[in-house]
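Visitor: File follows, protein.cif with mmCIF, C-alpha atoms:
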```cif
data_input
#
loop_
_atom_site.label_atom_id
_atom_site.label_comp_id
_atom_site.auth_asym_id
_atom_site.auth_seq_id
_atom_site.Cartn_x
_atom_site.Cartn_y
_atom_site.Cartn_z
CA MET O 1 -17.55 -44.52 47.37
CA LEU O 2 -17.47 -41.28 45.39
CA GLN O 3 -16.19 -43.11 42.33
CA ARG O 4 -19.03 -45.64 42.43
CA ASN O 5 -21.69 -42.95 42.93
CA VAL O 6 -20.33 -40.82 40.12
CA ALA O 7 -20.03 -43.76 37.77
CA ALA O 8 -23.61 -44.68 38.54
CA VAL O 9 -24.93 -41.26 37.52
CA PRO O 10 -25.03 -42.00 33.76
CA GLN O 11 -26.81 -45.25 34.38
CA ARG O 12 -29.51 -43.64 36.50
CA LEU O 13 -29.93 -40.90 33.90
CA GLY O 14 -29.95 -43.33 31.02
CA THR O 15 -26.84 -41.99 29.29
CA GLY O 16 -24.77 -45.11 29.56
CA SER O 17 -26.68 -47.25 27.08
CA SER O 18 -28.60 -46.68 23.90
CA ASN O 19 -31.34 -49.08 25.08
CA ASN O 20 -32.46 -46.77 27.87
CA PRO O 21 -36.17 -46.07 27.32
CA TYR O 22 -35.87 -42.72 29.09
CA LEU O 23 -33.98 -41.05 26.27
CA LYS O 24 -35.86 -42.86 23.51
CA HIS O 25 -39.33 -41.94 24.66
CA ARG O 26 -38.63 -38.59 26.31
CA GLY O 27 -36.74 -37.30 23.29
CA VAL O 28 -34.70 -34.13 23.37
CA ARG O 29 -36.50 -32.71 26.39
CA GLY O 30 -35.62 -35.70 28.49
CA ALA O 31 -32.06 -35.64 27.15
CA ARG O 32 -31.68 -31.98 28.13
CA PHE O 33 -32.96 -32.77 31.66
CA ALA O 34 -30.51 -35.65 31.94
CA PHE O 35 -27.70 -33.44 30.57
CA SER O 36 -28.44 -30.74 33.16
CA SER O 37 -28.28 -33.27 35.95
CA VAL O 38 -24.95 -34.59 34.72
CA LEU O 39 -23.59 -31.03 34.29
CA ALA O 40 -24.52 -30.30 37.89
CA VAL O 41 -22.12 -32.97 39.11
CA CYS O 42 -19.45 -32.60 36.39
CA CYS O 43 -17.29 -30.59 38.71
CA VAL O 44 -16.79 -33.67 40.90
CA ILE O 45 -16.32 -36.17 38.06
CA PRO O 46 -12.64 -37.06 37.85
CA ALA O 47 -11.23 -36.89 34.35
CA GLY O 48 -10.86 -40.29 32.79
CA ASP O 49 -7.80 -41.45 30.94
CA GLY O 50 -9.49 -40.80 27.59
CA GLN O 51 -8.52 -44.24 26.39
CA ASN O 52 -11.50 -44.48 24.03
CA LEU O 53 -11.53 -40.82 22.84
CA VAL O 54 -9.27 -39.34 20.17
CA THR O 55 -8.78 -35.68 19.22
CA GLU O 56 -6.07 -33.37 17.86
CA ASP O 57 -4.84 -29.88 18.70
CA VAL O 58 -5.85 -27.14 16.26
CA THR O 59 -3.75 -24.19 15.07
CA VAL O 60 -5.63 -21.56 13.09
CA VAL O 61 -5.01 -18.04 11.76
CA GLU O 62 -7.23 -15.31 13.14
CA GLY O 63 -10.36 -14.96 11.04
CA ASP O 64 -10.17 -18.48 9.56
CA VAL O 65 -12.18 -21.62 10.40
CA ALA O 66 -11.19 -24.10 13.11
CA THR O 67 -12.55 -27.67 13.14
CA ILE O 68 -12.80 -29.61 16.41
CA SER O 69 -13.23 -33.38 16.20
CA CYS O 70 -14.13 -35.79 19.02
CA ARG O 71 -13.80 -39.42 17.83
CA VAL O 72 -14.58 -42.67 19.60
CA LYS O 73 -12.37 -45.64 18.76
CA ASN O 74 -14.74 -48.35 20.01
CA SER O 75 -18.24 -46.95 19.91
CA ASP O 76 -20.90 -48.34 22.24
CA ASP O 77 -23.53 -45.67 21.41
CA SER O 78 -22.58 -43.57 24.43
CA VAL O 79 -23.36 -39.86 24.47
CA ILE O 80 -20.66 -37.47 23.16
CA GLN O 81 -20.55 -33.80 24.05
CA LEU O 82 -18.17 -30.90 23.44
CA LEU O 83 -17.41 -28.16 25.96
CA ASN O 84 -15.68 -24.80 25.58
CA PRO O 85 -12.83 -23.54 27.83
CA ASN O 86 -15.43 -22.20 30.29
CA ARG O 87 -16.92 -25.70 30.55
CA GLN O 88 -20.07 -24.60 28.74
CA THR O 89 -21.64 -27.22 26.50
CA ILE O 90 -21.28 -26.42 22.80
CA TYR O 91 -22.89 -29.61 21.45
CA PHE O 92 -24.68 -32.40 23.27
CA ARG O 93 -24.89 -35.12 20.65
CA ASP O 94 -26.31 -33.16 17.66
CA PHE O 95 -28.01 -30.49 19.80
CA ARG O 96 -26.40 -27.09 20.43
CA PRO O 97 -27.33 -25.51 23.78
CA LEU O 98 -24.80 -22.66 23.31
CA LYS O 99 -26.21 -19.66 21.46
CA ASP O 100 -23.11 -18.94 19.42
CA SER O 101 -23.95 -19.33 15.75
CA ARG O 102 -20.27 -19.49 14.81
CA PHE O 103 -20.30 -23.12 16.00
CA GLN O 104 -21.82 -25.37 13.35
CA LEU O 105 -22.23 -29.12 13.29
CA VAL O 106 -20.13 -30.71 10.55
CA ASN O 107 -20.68 -34.39 11.32
CA PHE O 108 -22.40 -36.41 14.02
CA SER O 109 -22.49 -40.16 14.47
CA ASN O 110 -22.05 -42.71 17.24
CA SER O 111 -18.31 -42.59 16.69
CA GLU O 112 -17.64 -38.89 15.92
CA LEU O 113 -18.72 -35.37 16.81
CA ARG O 114 -17.16 -32.78 14.51
CA VAL O 115 -17.84 -29.06 14.95
CA SER O 116 -16.55 -26.03 13.01
CA LEU O 117 -15.86 -22.58 14.48
CA THR O 118 -15.88 -19.71 11.96
CA ASN O 119 -14.23 -16.30 12.23
CA VAL O 120 -11.86 -17.38 14.97
CA SER O 121 -10.56 -14.67 17.31
CA ILE O 122 -7.99 -14.61 20.08
CA SER O 123 -10.74 -14.95 22.69
CA ASP O 124 -11.52 -18.42 21.28
CA GLU O 125 -8.08 -19.72 22.18
CA GLY O 126 -7.88 -22.37 24.92
CA ARG O 127 -8.81 -25.95 25.80
CA TYR O 128 -11.96 -27.59 24.45
CA PHE O 129 -13.17 -30.78 26.15
CA CYS O 130 -14.60 -33.92 24.58
CA GLN O 131 -16.65 -36.02 27.00
CA LEU O 132 -17.98 -39.54 26.56
CA TYR O 133 -20.56 -40.79 29.05
CA THR O 134 -19.44 -44.35 29.69
CA ASP O 135 -18.82 -46.24 32.89
CA PRO O 136 -16.62 -44.60 34.08
CA PRO O 137 -17.00 -41.27 32.10
CA GLN O 138 -14.12 -40.33 29.80
CA GLU O 139 -12.78 -36.90 28.96
CA ILE O 140 -10.04 -35.57 26.71
CA TYR O 141 -9.16 -32.04 25.66
CA THR O 142 -7.91 -30.36 22.51
CA THR O 143 -6.14 -26.99 22.40
CA ILE O 144 -6.95 -24.26 19.88
CA THR O 145 -4.05 -21.91 19.17
CA VAL O 146 -4.81 -18.67 17.31
CA LEU O 147 -2.10 -17.06 15.17
CA VAL O 148 -2.13 -13.36 14.36
CA PRO O 149 0.10 -12.12 11.51
CA PRO O 150 1.87 -8.75 11.83
CA ARG O 151 -0.48 -5.85 11.19
CA ASN O 152 2.19 -3.68 9.60
CA LEU O 153 5.86 -3.85 8.61
CA VAL O 154 7.84 -0.60 8.41
CA ILE O 155 11.51 0.29 7.82
CA ASP O 156 12.82 3.54 9.29
CA ILE O 157 16.20 4.79 8.09
CA GLN O 158 18.30 7.28 10.05
CA LYS O 159 19.41 9.30 7.00
CA GLU O 160 17.84 9.33 3.58
CA ILE O 161 21.19 10.10 1.93
CA ALA O 162 24.36 8.74 3.53
CA VAL O 163 27.99 9.66 2.92
CA GLU O 164 30.55 7.09 1.89
CA GLY O 165 32.15 5.46 4.93
CA GLU O 166 29.36 6.56 7.28
CA GLU O 167 27.54 4.16 9.61
CA ILE O 168 23.76 4.47 9.44
CA GLU O 169 20.99 2.97 11.56
CA LEU O 170 17.95 1.16 10.18
CA ASN O 171 14.96 -0.05 12.22
CA CYS O 172 12.33 -2.56 11.09
CA THR O 173 9.13 -2.86 13.14
CA ALA O 174 6.55 -5.67 12.94
CA MET O 175 3.43 -4.61 14.83
CA ALA O 176 0.77 -6.59 16.70
CA SER O 177 1.54 -10.22 15.99
CA ARG O 178 0.99 -13.45 17.89
CA PRO O 179 3.34 -15.13 18.55
CA ALA O 180 6.30 -12.73 18.30
CA THR O 181 7.84 -12.54 14.84
CA THR O 182 11.45 -13.16 13.84
CA ILE O 183 12.99 -10.40 11.71
CA ARG O 184 15.82 -11.06 9.24
CA TRP O 185 17.92 -8.48 7.35
CA PHE O 186 19.32 -8.71 3.84
CA LYS O 187 21.50 -6.31 1.83
CA GLY O 188 20.94 -7.47 -1.68
CA ASN O 189 21.38 -11.26 -1.43
CA LYS O 190 23.63 -11.11 1.66
CA GLU O 191 22.03 -11.77 5.05
CA LEU O 192 22.94 -9.41 7.86
CA THR O 193 22.51 -9.63 11.64
CA GLY O 194 20.37 -7.17 13.58
CA LYS O 195 19.40 -6.69 17.22
CA SER O 196 15.74 -7.32 18.09
CA GLU O 197 13.57 -6.11 20.96
CA VAL O 198 10.14 -7.57 21.83
CA GLU O 199 7.34 -5.60 23.48
CA GLN O 200 4.15 -7.29 24.66
CA TRP O 201 0.83 -5.46 24.72
CA SER O 202 -1.94 -7.62 26.17
CA ASP O 203 -1.89 -10.73 23.95
CA MET O 204 0.03 -9.08 21.10
CA TYR O 205 3.73 -8.67 20.42
CA THR O 206 5.58 -5.84 18.66
CA VAL O 207 9.10 -6.62 17.49
CA THR O 208 11.68 -3.98 16.51
CA SER O 209 14.99 -4.97 14.94
CA GLN O 210 17.92 -2.55 14.70
CA LEU O 211 20.64 -2.77 12.05
CA LEU O 212 23.87 -0.75 12.01
CA LEU O 213 25.35 -0.59 8.52
CA LYS O 214 28.52 1.05 7.28
CA VAL O 215 27.95 2.10 3.68
CA GLY O 216 30.34 2.46 0.78
CA ARG O 217 30.07 3.61 -2.80
CA GLU O 218 29.23 0.08 -3.89
CA ASP O 219 26.07 0.23 -1.71
CA ASP O 220 24.53 3.08 -3.69
CA GLY O 221 21.18 1.85 -5.08
CA VAL O 222 21.36 -1.50 -3.26
CA PRO O 223 18.09 -2.59 -1.53
CA VAL O 224 18.03 -3.34 2.20
CA ILE O 225 15.30 -5.92 2.88
CA CYS O 226 13.43 -6.60 6.13
CA LEU O 227 11.95 -10.13 6.04
CA VAL O 228 9.49 -11.57 8.60
CA ASP O 229 9.38 -15.21 9.70
CA HIS O 230 5.94 -15.98 11.16
CA PRO O 231 3.80 -19.14 11.03
CA ALA O 232 0.73 -17.13 10.04
CA VAL O 233 2.20 -15.45 6.95
CA LYS O 234 4.66 -16.20 4.17
CA ASP O 235 6.95 -13.91 2.18
CA LEU O 236 6.10 -10.76 4.15
CA GLN O 237 8.87 -8.22 3.55
CA THR O 238 9.60 -4.57 2.91
CA GLN O 239 12.69 -2.83 1.54
CA ARG O 240 14.46 0.50 1.20
CA TYR O 241 17.10 1.52 -1.35
CA LEU O 242 20.33 3.04 -0.11
CA GLU O 243 21.51 6.40 -1.42
CA VAL O 244 25.22 6.98 -0.90
CA MET O 245 27.16 10.14 -1.77
CA TYR O 246 30.80 9.64 -2.72
CA THR O 247 33.56 11.57 -4.50
CA THR O 248 35.47 10.41 -7.55
CA ALA O 249 39.25 11.09 -7.80
CA THR O 250 40.24 12.78 -11.08
CA THR O 251 43.42 11.29 -12.53
CA GLU O 252 44.94 12.06 -15.92
CA PRO O 253 45.40 8.88 -17.90
CA ALA O 254 48.79 8.19 -19.35
CA VAL O 255 48.85 8.64 -23.13
CA HIS O 256 51.36 6.45 -24.86
CA GLY O 257 53.27 7.93 -27.79
CA PHE O 258 52.89 11.55 -26.54
CA THR O 259 55.17 13.80 -24.54
CA GLN O 260 53.58 15.76 -21.68
CA LEU O 261 54.35 19.44 -22.00
CA PRO O 262 54.66 21.83 -19.02
CA ASN O 263 51.69 23.96 -17.99
CA SER O 264 53.33 27.33 -18.68
CA ALA O 265 55.68 28.82 -21.21
CA GLU O 266 58.32 29.50 -18.51
CA GLU O 267 58.56 25.78 -17.72
CA LEU O 268 58.80 24.77 -21.37
CA ASP O 269 62.10 23.29 -22.41
CA TYR O 270 62.84 24.36 -25.94
CA GLY O 271 65.14 21.44 -26.59
CA ASP O 272 65.27 19.29 -29.60
CA LEU O 273 61.81 17.69 -30.06
CA SER O 274 62.47 16.51 -33.56
CA GLY O 275 60.63 13.33 -34.44
CA THR O 276 58.41 13.51 -31.33
CA ARG O 277 54.62 13.79 -31.29
CA VAL O 278 53.56 16.54 -28.94
CA LEU O 279 50.13 16.88 -27.22
CA LEU O 280 49.08 20.39 -26.24
CA ASN O 281 45.97 20.86 -24.07
CA ALA O 282 44.98 24.46 -24.78
CA SER O 283 42.37 26.64 -23.12
CA THR O 284 41.03 30.10 -23.86
CA GLU O 285 44.16 31.58 -22.34
CA ALA O 286 47.11 32.52 -24.54
CA LEU O 287 49.03 29.55 -25.82
CA PRO O 288 52.82 29.51 -25.51
CA THR O 289 54.77 29.98 -28.66
CA VAL O 290 56.69 26.82 -29.41
CA GLN O 291 59.12 26.42 -32.26
CA LEU O 292 59.50 22.81 -33.23
CA SER O 293 61.52 21.35 -36.00
CA ASN O 294 60.03 18.41 -37.83
CA ALA O 295 57.55 17.97 -34.98
CA SER O 296 53.96 16.88 -35.33
CA VAL O 297 51.89 19.04 -33.00
CA ALA O 298 48.28 18.21 -32.06
CA LEU O 299 46.29 21.00 -30.43
CA HIS O 300 43.20 20.20 -28.40
CA PRO O 301 41.46 23.44 -27.44
CA ASP O 302 39.34 23.66 -24.35
CA SER O 303 35.87 22.44 -25.17
CA ARG O 304 34.25 24.99 -22.86
CA ALA O 305 34.94 27.84 -25.25
CA GLY O 306 33.19 25.97 -28.05
CA GLU O 307 30.23 25.18 -25.82
CA GLU O 308 29.84 28.82 -24.75
CA GLY O 309 30.06 29.99 -28.38
CA SER O 310 27.43 27.50 -29.49
CA ILE O 311 25.11 28.60 -26.66
CA ARG O 312 25.47 32.26 -27.66
CA SER O 313 24.77 31.47 -31.32
CA VAL O 314 21.67 29.52 -30.34
CA ASP O 315 20.42 32.43 -28.17
CA HIS O 316 20.87 34.96 -30.99
CA ALA O 317 19.08 32.72 -33.47
CA VAL O 318 16.11 32.29 -31.14
CA VAL O 319 15.80 36.03 -30.44
CA GLY O 320 16.04 36.87 -34.15
CA GLY O 321 13.37 34.33 -35.02
CA VAL O 322 10.97 35.70 -32.41
CA VAL O 323 11.47 39.32 -33.61
CA ALA O 324 10.88 38.29 -37.23
CA VAL O 325 7.63 36.54 -36.34
CA VAL O 326 6.36 39.58 -34.39
CA VAL O 327 7.16 42.00 -37.23
CA PHE O 328 5.49 39.76 -39.78
CA ALA O 329 2.36 39.51 -37.64
CA MET O 330 2.13 43.30 -37.26
CA LEU O 331 2.45 43.84 -41.04
CA CYS O 332 -0.32 41.35 -41.70
CA LEU O 333 -2.54 43.09 -39.18
CA LEU O 334 -1.96 46.51 -40.78
CA ILE O 335 -2.79 45.17 -44.24
CA ILE O 336 -6.05 43.63 -43.02
CA LEU O 337 -7.12 46.82 -41.25
CA GLY O 338 -6.31 48.97 -44.33
CA ARG O 339 -8.44 46.78 -46.62
CA TYR O 340 -11.30 46.83 -44.14
CA PHE O 341 -11.41 50.64 -43.87
CA ALA O 342 -11.06 51.05 -47.67
CA ARG O 343 -14.09 48.84 -48.36
CA HIS O 344 -16.31 50.69 -45.91
CA LYS O 345 -15.41 54.30 -46.99
CA GLY O 346 -18.12 56.37 -48.98
CA THR O 347 -20.36 59.44 -49.22
CA TYR O 348 -23.88 59.25 -47.88
CA PHE O 349 -26.72 61.57 -49.00
CA THR O 350 -29.82 62.21 -47.00
CA HIS O 351 -33.15 63.36 -48.31
CA GLU O 352 -34.30 66.08 -46.03
CA ALA O 353 -37.67 67.67 -46.49
CA LYS O 354 -37.43 71.02 -48.23
CA GLY O 355 -38.80 73.91 -46.34
CA ALA O 356 -37.95 72.27 -43.05
CA ASP O 357 -35.79 75.22 -42.07
CA ASP O 358 -38.75 77.68 -42.25
CA ALA O 359 -41.23 75.38 -40.55
CA ALA O 360 -42.28 75.98 -37.03
CA ASP O 361 -42.47 72.28 -36.22
CA ALA O 362 -41.98 68.90 -37.80
CA ASP O 363 -45.57 68.49 -38.96
CA THR O 364 -45.47 71.78 -40.81
CA ALA O 365 -42.16 70.81 -42.45
CA ILE O 366 -43.66 67.58 -43.78
CA ILE O 367 -46.73 69.37 -45.13
CA ASN O 368 -44.58 71.97 -46.89
CA ALA O 369 -42.07 69.43 -48.26
CA GLU O 370 -41.99 68.42 -51.88
CA GLY O 371 -42.96 64.92 -52.56
CA GLY O 372 -45.01 64.83 -49.44
CA GLN O 373 -48.75 65.07 -49.41
CA ASN O 374 -50.23 66.53 -52.59
CA ASN O 375 -51.21 70.12 -52.40
CA SER O 376 -54.93 70.31 -52.08
CA GLU O 377 -57.17 73.21 -52.09
CA GLU O 378 -57.79 74.62 -48.75
CA LYS O 379 -61.16 73.79 -47.47
CA LYS O 380 -63.22 76.86 -46.90
CA GLU O 381 -66.00 77.07 -44.47
CA TYR O 382 -68.83 79.47 -44.81
CA PHE O 383 -71.07 80.53 -42.00
CA ILE O 384 -74.51 81.80 -43.00
#
```
Do you think you could lay out the structure here as C-alpha cells?
Guide:
Amino acid sequence: MLQRNVAAVPQRLGTGSSNNPYLKHRGVRGARFAFSSVLAVCCVIPAGDGQNLVTEDVTVVEGDVATISCRVKNSDDSVIQLLNPNRQTIYFRDFRPLKDSRFQLVNFSNSELRVSLTNVSISDEGRYFCQLYTDPPQEIYTTITVLVPPRNLVIDIQKEIAVEGEEIELNCTAMASRPATTIRWFKGNKELTGKSEVEQWSDMYTVTSQLLLKVGREDDGVPVICLVDHPAVKDLQTQRYLEVMYTTATTEPAVHGFTQLPNSAEELDYGDLSGTRVLLNASTEALPTVQLSNASVALHPDSRAGEEGSIRSVDHAVVGGVVAVVVFAMLCLLIILGRYFARHKGTYFTHEAKGADDAADADTAIINAEGGQNNSEEKKEYFI
C-alpha cells in the first residue's frame, strides 16, 4: 500500500510525464511547489535500483574542480535532481535552490544533469544523490573523495657530522595529508627500508618515517633522499647530504731500486754499498755522515724548512716595501710644504699717517697726516 501511494505521488504532482499541464502552465513556481511536496515525503521513498540512472565516483584534489554527472540511459522526460550528502537539493532540473555559488550548471538536458563544484574542500566529501522521478522513483549516488597532499616534508638528522662506523638516525615527516602518505628512503640510487608511524588529527594524517643508517667513508657527500608516494602529488621529495669524518692511514710506499736507510746514524750499517742507489730522507736535523764508495746518493731535504724560509723571505719583502712607500710619501710631503712656504714669504710695508703718534685721536692724526686733506687756511670769525 505504501509503495503504491508513494509511486502515485509524482503522478499527482505532475512530475511523471512531460505532458502534465501543471508544470507547463505554472512554470517554475509550480515546479518548486511540486518539488517541496515531493521532498516532504522523500524520507519514506525507498531507493530504487537505479536501473535507468548512470553516474561515476569522483576523486579530486583539494582546491580543484569536481564534476558530478547524472545521466539517464532511456530518457522519458522525467525530472532529474541532484542532492548533497545532507539531502539538500543542489539542482532541480536547471534550477538551483541551494545558495552555494560554487555549484554551477555545466549541462542540462532530458538525459543528463551535469554540475561542477569549484574550490573543493574536505567538507564537500561524501555521497551525492541523483534522483529521477519515474514510476517508481529511481535514485543512485556518487561519492566524492577529496585528496590533500602533504603540507610539508622535512628531514631531521641526528648529527650533522658523523664519524666513520657510527650509526645515525634520520627522520622524515610528511605533515597533514589525506590519505596517509607512504615514505620511501634512498641513499644515492639505493633504496633503504625505514620504520613509519602514522598519527591522525581530525581528518588529516601525519606520517613520520625513521631510518637507522651506519655510515662509512664512502658515504661522505652522498645524498639521503626522502620520497613521498601520494595520489595527490608527484615527485615530492627532500634530501640531505651526509658528512662523514674518517682518518686516513699513512703508509710509506715501497720504492723500487732504492735501499731504505736506518733512521739514525747508530743504526746505519757501514757495509759495502758499492753499486747501490741510496735514498736519504733528510730533515733540518743533523744528517749522519756516510762514506760510500762508488755509490750514487740522492738527498731529499725536508720540505718544511724550505717552506718556512720562503715565508720569512716573503714577510721581510713586504715589510721593506711598506717602509719604503711611507718614507717616499713623507719626503714628497716635505718638498710640497717647503715650496708652499717659499712662495708665500715676503716683506710688507704699511703706509701709516705721519704725525699719528702726536695726535690726540684718530681724526686729528688724519688731519695732520701728509697726503691727507690739503692744508687750508683756518677760517677766522670776527665778532663786531
Visitor: Expanded to explicit residues, what is the PyMOL selection byres ((chain O and resi 153) around 10) for this file, as a ChimeraX atom specification?
Guide: /O:150-152,154-155,172-176,207-208,226-228,236-239
Visitor: So, with all atoms listed in the file as the atoms that count, which of O:Asp57, O:Val323, O:Ser69, O:Arg127 lies closest to Gln88 (chain O)?
Guide: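 Once distances to Gln88 (chain O) are computed over all atoms listed in the file, the minimum belongs to O:Arg127.
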Visitor: Counting all atoms listed in the file, which of O:Leu53, O:Leu113, O:Thr67, O:Ser101 gets nearest to Gln81 (chain O)?
Guide: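 Under the stated criterion, the closest residue is O:Leu113.
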Visitor: Tell me which protein, DNA and RNA residues are within 6 Å of region 124-126 of chain O, counting only C-alpha atoms, leaving out same-chain ones fewer than 2 positions away, and put them as a ChimeraX atom specification.
Guide: /O:85,121-122,143-146
Visitor: State, in Å with one decimal place, the distance from CA of Thr248 (chain O) to CA of Leu212 (chain O).
Guide: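 Interatomic distance here is 25.3 Å.
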Visitor: Could you check the closest approach to Val222 (chain O) for each of O:Asn189, O:Thr142, O:Thr181, O:Ser78 and tell me which residue wins, using all atoms listed in the file?
Guide: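 Looking only at the distances to Val222 (chain O), the closest residue turns out to be O:Asn189.
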Visitor: Tell me which of O:Ile225, O:Val120, O:Leu83, O:Ala66 sits closest to Val106 (chain O), counting all atoms listed in the file.
Guide: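 Smallest distance to Val106 (chain O) is found for O:Ala66.
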Visitor: One number please: CA of Arg343 (chain O) to CA of Phe328 (chain O), in Å, one decimal.
Guide: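 Atom-to-atom, CA of Arg343 (chain O) to CA of Phe328 (chain O), that is 23.2 Å.
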Visitor: Restricting the calculation to only C-alpha atoms: of O:Val54, O:Glu62, O:Val319, O:Val79, which residue gets closest to Pro137 (chain O)?
Guide: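 For Pro137 (chain O), the nearest of the candidates is O:Val79.
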Visitor: Give me the residues near Lys159 (chain O) as a PyMOL selection string, where near means some atom within 10 Å (using all atoms listed in the file) and where sequence neighbours in that chain fewer than 6 positions away do not count.
Guide: chain O and resi 167-170+242-243
